[in-house]
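Text of data36.pdb (PDB, C-alpha atoms and all ligand atoms) as supplied:
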ATOM      1  CA  MET A   1     -15.308  12.457  16.031
ATOM      2  CA  GLU A   2     -16.399   8.995  14.998
ATOM      3  CA  HIS A   3     -14.379   8.432  11.836
ATOM      4  CA  GLU A   4     -10.745   8.339  10.848
ATOM      5  CA  MET A   5      -8.846   7.721   7.639
ATOM      6  CA  ARG A   6      -6.982   4.490   7.092
ATOM      7  CA  ALA A   7      -4.463   3.816   4.352
ATOM      8  CA  GLU A   8      -4.619   1.142   1.678
ATOM      9  CA  TYR A   9      -1.308  -0.033   0.224
ATOM     10  CA  GLU A  10      -0.353  -1.836  -2.938
ATOM     11  CA  GLU A  11      -1.086  -5.546  -2.742
ATOM     12  CA  GLY A  12       1.608  -7.487  -0.925
ATOM     13  CA  VAL A  13       3.154  -4.374   0.614
ATOM     14  CA  LEU A  14       3.444  -4.369   4.375
ATOM     15  CA  PRO A  15       2.353  -1.175   6.107
ATOM     16  CA  HIS A  16       5.316   0.886   7.228
ATOM     17  CA  GLU A  17       5.761   4.547   7.943
ATOM     18  CA  ASP A  18       7.781   4.939   4.739
ATOM     19  CA  THR A  19       5.374   2.935   2.586
ATOM     20  CA  PRO A  20       3.648   5.058  -0.042
ATOM     21  CA  VAL A  21      -0.109   5.078   0.458
ATOM     22  CA  LYS A  22      -2.089   3.778  -2.509
ATOM     23  CA  ILE A  23      -5.336   5.401  -1.401
ATOM     24  CA  TRP A  24      -6.974   6.694   1.769
ATOM     25  CA  HIS A  25     -10.302   5.317   2.962
ATOM     26  CA  MET A  26     -12.670   6.435   5.696
ATOM     27  CA  VAL A  27     -13.363   3.984   8.511
ATOM     28  CA  ARG A  28     -15.405   4.181  11.692
ATOM     29  CA  LEU A  29     -13.267   4.556  14.788
ATOM     30  CA  ASP A  30     -11.991   1.244  16.156
ATOM     31  CA  GLY A  31     -12.769  -0.481  12.869
ATOM     32  CA  THR A  32     -10.534  -1.606  10.024
ATOM     33  CA  THR A  33     -13.169  -2.016   7.298
ATOM     34  CA  ALA A  34     -13.604   1.035   5.082
ATOM     35  CA  MET A  35     -17.023   2.595   4.539
ATOM     36  CA  CYS A  36     -16.830   1.289   0.955
ATOM     37  CA  GLY A  37     -16.458  -2.249   2.303
ATOM     38  CA  ARG A  38     -12.749  -2.752   1.713
ATOM     39  CA  PRO A  39     -10.921  -4.497   4.576
ATOM     40  CA  LEU A  40      -7.776  -2.615   5.616
ATOM     41  CA  ALA A  41      -4.726  -3.730   7.556
ATOM     42  CA  PRO A  42      -4.886  -3.155  11.328
ATOM     43  CA  ALA A  43      -1.312  -1.854  11.092
ATOM     44  CA  ALA A  44      -2.118   0.578   8.268
ATOM     45  CA  ALA A  45      -1.488   4.261   8.838
ATOM     46  CA  THR A  46      -4.374   6.387  10.047
ATOM     47  CA  GLN A  47      -5.019  10.098  10.186
ATOM     48  CA  ALA A  48      -7.774  12.276  11.563
ATOM     49  CA  ALA A  49     -10.960  12.709   9.549
ATOM     50  CA  ASP A  50     -10.292  16.466   9.821
ATOM     51  CA  VAL A  51      -7.649  16.052   7.118
ATOM     52  CA  TRP A  52     -10.341  15.028   4.629
ATOM     53  CA  GLY A  53     -10.493  17.469   1.748
ATOM     54  CA  THR A  54      -6.858  18.540   2.103
ATOM     55  CA  PRO A  55      -3.846  17.459  -0.003
ATOM     56  CA  LYS A  56      -2.702  15.178   2.836
ATOM     57  CA  ALA A  57      -5.748  12.987   2.206
ATOM     58  CA  GLU A  58      -5.052  12.525  -1.519
ATOM     59  CA  PRO A  59      -5.678  10.238  -3.222
ATOM     60  CA  PHE A  60      -8.928   9.520  -1.432
ATOM     61  CA  CYS A  61     -11.414   6.701  -2.116
ATOM     62  CA  HIS A  62     -14.361   8.169  -4.042
ATOM     63  CA  THR A  63     -16.859   5.720  -2.570
ATOM     64  CA  CYS A  64     -15.792   6.486   0.992
ATOM     65  CA  GLY A  65     -15.841  10.202   0.186
ATOM     66  CA  ALA A  66     -19.414  10.037  -1.107
ATOM     67  CA  MET A  67     -20.595   8.064   1.896
ATOM     68  CA  TYR A  68     -18.813  10.301   4.375
ATOM     69  CA  LEU A  69     -20.273  13.352   2.672
ATOM     70  CA  ARG A  70     -23.755  11.907   3.027
ATOM     71  CA  GLU A  71     -23.272  11.314   6.759
ATOM     72  CA  HIS A  72     -21.459  14.600   7.423
ATOM     73  CA  PRO A  73     -22.809  17.278   5.082
ATOM     74  CA  GLN A  74     -21.859  19.904   7.659
ATOM     75  CA  ASP A  75     -18.184  19.080   7.282
ATOM     76  CA  THR A  76     -17.905  20.264   3.709
ATOM     77  CA  GLY A  77     -17.489  23.892   4.622
TER      78      GLY A  77
HETATM   79 ZN    ZN B   1     -13.048   3.397   0.450
END
Since I need it in another form, could you write the structure as structure tokens?
Amino acid sequence: MEHEMRAEYEEGVLPHEDTPVKIWHMVRLDGTTAMCGRPLAPAAATQAADVWGTPKAEPFCHTCGAMYLREHPQDTG
């Protein structure tokens, strides 16, 4: 497991467990920059990459999804 999801929030919103997630991105473990290049807050919520493709990961960044798919074609089921 070398990736995890990290949440992006509306601009100016501080990450909090009750904060609605604007969109999920995929990041490499121990990083805070999404695969699509967007910098994400270190305090933003994360969840396992296993959740990718399930309702819990919606909405999901299309750019990150395409890049993750290219690196992990075996994960698509
Ligand atoms: Zn992204």
Exercise for the section: Apply the PyMOL selection byres (((chain A and resi 20) around 12) and not hetatm) to the displayed file and report the matching residues as an MDAnalysis selection string. Expected result: chainID A and resid 7:11 13:19 21:24 44:45 58:59
Practice task
Throw together the list of residues within 7 Å of ligand ZN 1 (chain B), counting all atoms listed in the file, and drop it here as a PyMOL selection string.
Solution key: chain A and resi 25-26+34-38+61-64
File dump, residues just selected, C-alpha atoms, as a PDB file, in the coordinates of the input:
ATOM      1  CA  HIS A  25     -10.302   5.317   2.962  1.00  0.00           C
ATOM      2  CA  MET A  26     -12.670   6.435   5.696  1.00  0.00           C
ATOM      3  CA  ALA A  34     -13.604   1.035   5.082  1.00  0.00           C
ATOM      4  CA  MET A  35     -17.023   2.595   4.539  1.00  0.00           C
ATOM      5  CA  CYS A  36     -16.830   1.289   0.955  1.00  0.00           C
ATOM      6  CA  GLY A  37     -16.458  -2.249   2.303  1.00  0.00           C
ATOM      7  CA  ARG A  38     -12.749  -2.752   1.713  1.00  0.00           C
ATOM      8  CA  CYS A  61     -11.414   6.701  -2.116  1.00  0.00           C
ATOM      9  CA  HIS A  62     -14.361   8.169  -4.042  1.00  0.00           C
ATOM     10  CA  THR A  63     -16.859   5.720  -2.570  1.00  0.00           C
ATOM     11  CA  CYS A  64     -15.792   6.486   0.992  1.00  0.00           C
TER      12      CYS A  64
END
Applying 8 Å and only C-alpha atoms, which residues near Thr32 of chain A remain after dropping the ones on its own chain fewer than 2 positions away? List them as a PDB file with C-alpha atoms, keeping the file's coordinate frame.
ATOM      1  CA  ARG A   6      -6.982   4.490   7.092  1.00  0.00           C
ATOM      2  CA  VAL A  27     -13.363   3.984   8.511  1.00  0.00           C
ATOM      3  CA  ARG A  28     -15.405   4.181  11.692  1.00  0.00           C
ATOM      4  CA  ASP A  30     -11.991   1.244  16.156  1.00  0.00           C
ATOM      5  CA  ALA A  34     -13.604   1.035   5.082  1.00  0.00           C
ATOM      6  CA  PRO A  39     -10.921  -4.497   4.576  1.00  0.00           C
ATOM      7  CA  LEU A  40      -7.776  -2.615   5.616  1.00  0.00           C
ATOM      8  CA  ALA A  41      -4.726  -3.730   7.556  1.00  0.00           C
ATOM      9  CA  PRO A  42      -4.886  -3.155  11.328  1.00  0.00           C
TER      10      PRO A  42
END
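The spacing separating atom CA of Thr33 of chain A from atom CA of Val51 of chain A amounts to 18.9 Å.
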Handout entry: atom CA of Glu71 of chain A to atom CA of Ala43 of chain A, distance in Å rounded to a single decimal
Key = 26.0 Å
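Our summary of the geometry notes that atom CA of Gly65 of chain A is positioned 24.9 Å from atom CA of Gly12 of chain A.
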How big is the axis-aligned box around the listed atoms of segment 49-55 of chain A once 6 Å is added on each side, and where is its centre? Give both in Å to one decimal, as JSON.
{"center_x": -7.4, "center_y": 15.6, "center_z": 4.9, "size_x": 19.1, "size_y": 17.8, "size_z": 21.8}
Please identify all polymer residues within 10 Å of Trp52 of chain A, counting only C-alpha atoms, omitting same-chain residues fewer than 3 positions from it, and present them as an mmCIF file with C-alpha atoms, in the coordinates of the input.
data_model
loop_
_atom_site.group_PDB
_atom_site.id
_atom_site.type_symbol
_atom_site.label_atom_id
_atom_site.label_comp_id
_atom_site.auth_asym_id
_atom_site.auth_seq_id
_atom_site.Cartn_x
_atom_site.Cartn_y
_atom_site.Cartn_z
ATOM 1 C CA GLU A 4 -10.745 8.339 10.848
ATOM 2 C CA MET A 5 -8.846 7.721 7.639
ATOM 3 C CA TRP A 24 -6.974 6.694 1.769
ATOM 4 C CA HIS A 25 -10.302 5.317 2.962
ATOM 5 C CA MET A 26 -12.670 6.435 5.696
ATOM 6 C CA GLN A 47 -5.019 10.098 10.186
ATOM 7 C CA ALA A 48 -7.774 12.276 11.563
ATOM 8 C CA ALA A 49 -10.960 12.709 9.549
ATOM 9 C CA PRO A 55 -3.846 17.459 -0.003
ATOM 10 C CA LYS A 56 -2.702 15.178 2.836
ATOM 11 C CA ALA A 57 -5.748 12.987 2.206
ATOM 12 C CA GLU A 58 -5.052 12.525 -1.519
ATOM 13 C CA PHE A 60 -8.928 9.520 -1.432
ATOM 14 C CA GLY A 65 -15.841 10.202 0.186
ATOM 15 C CA TYR A 68 -18.813 10.301 4.375
ATOM 16 C CA ASP A 75 -18.184 19.080 7.282
ATOM 17 C CA THR A 76 -17.905 20.264 3.709
#
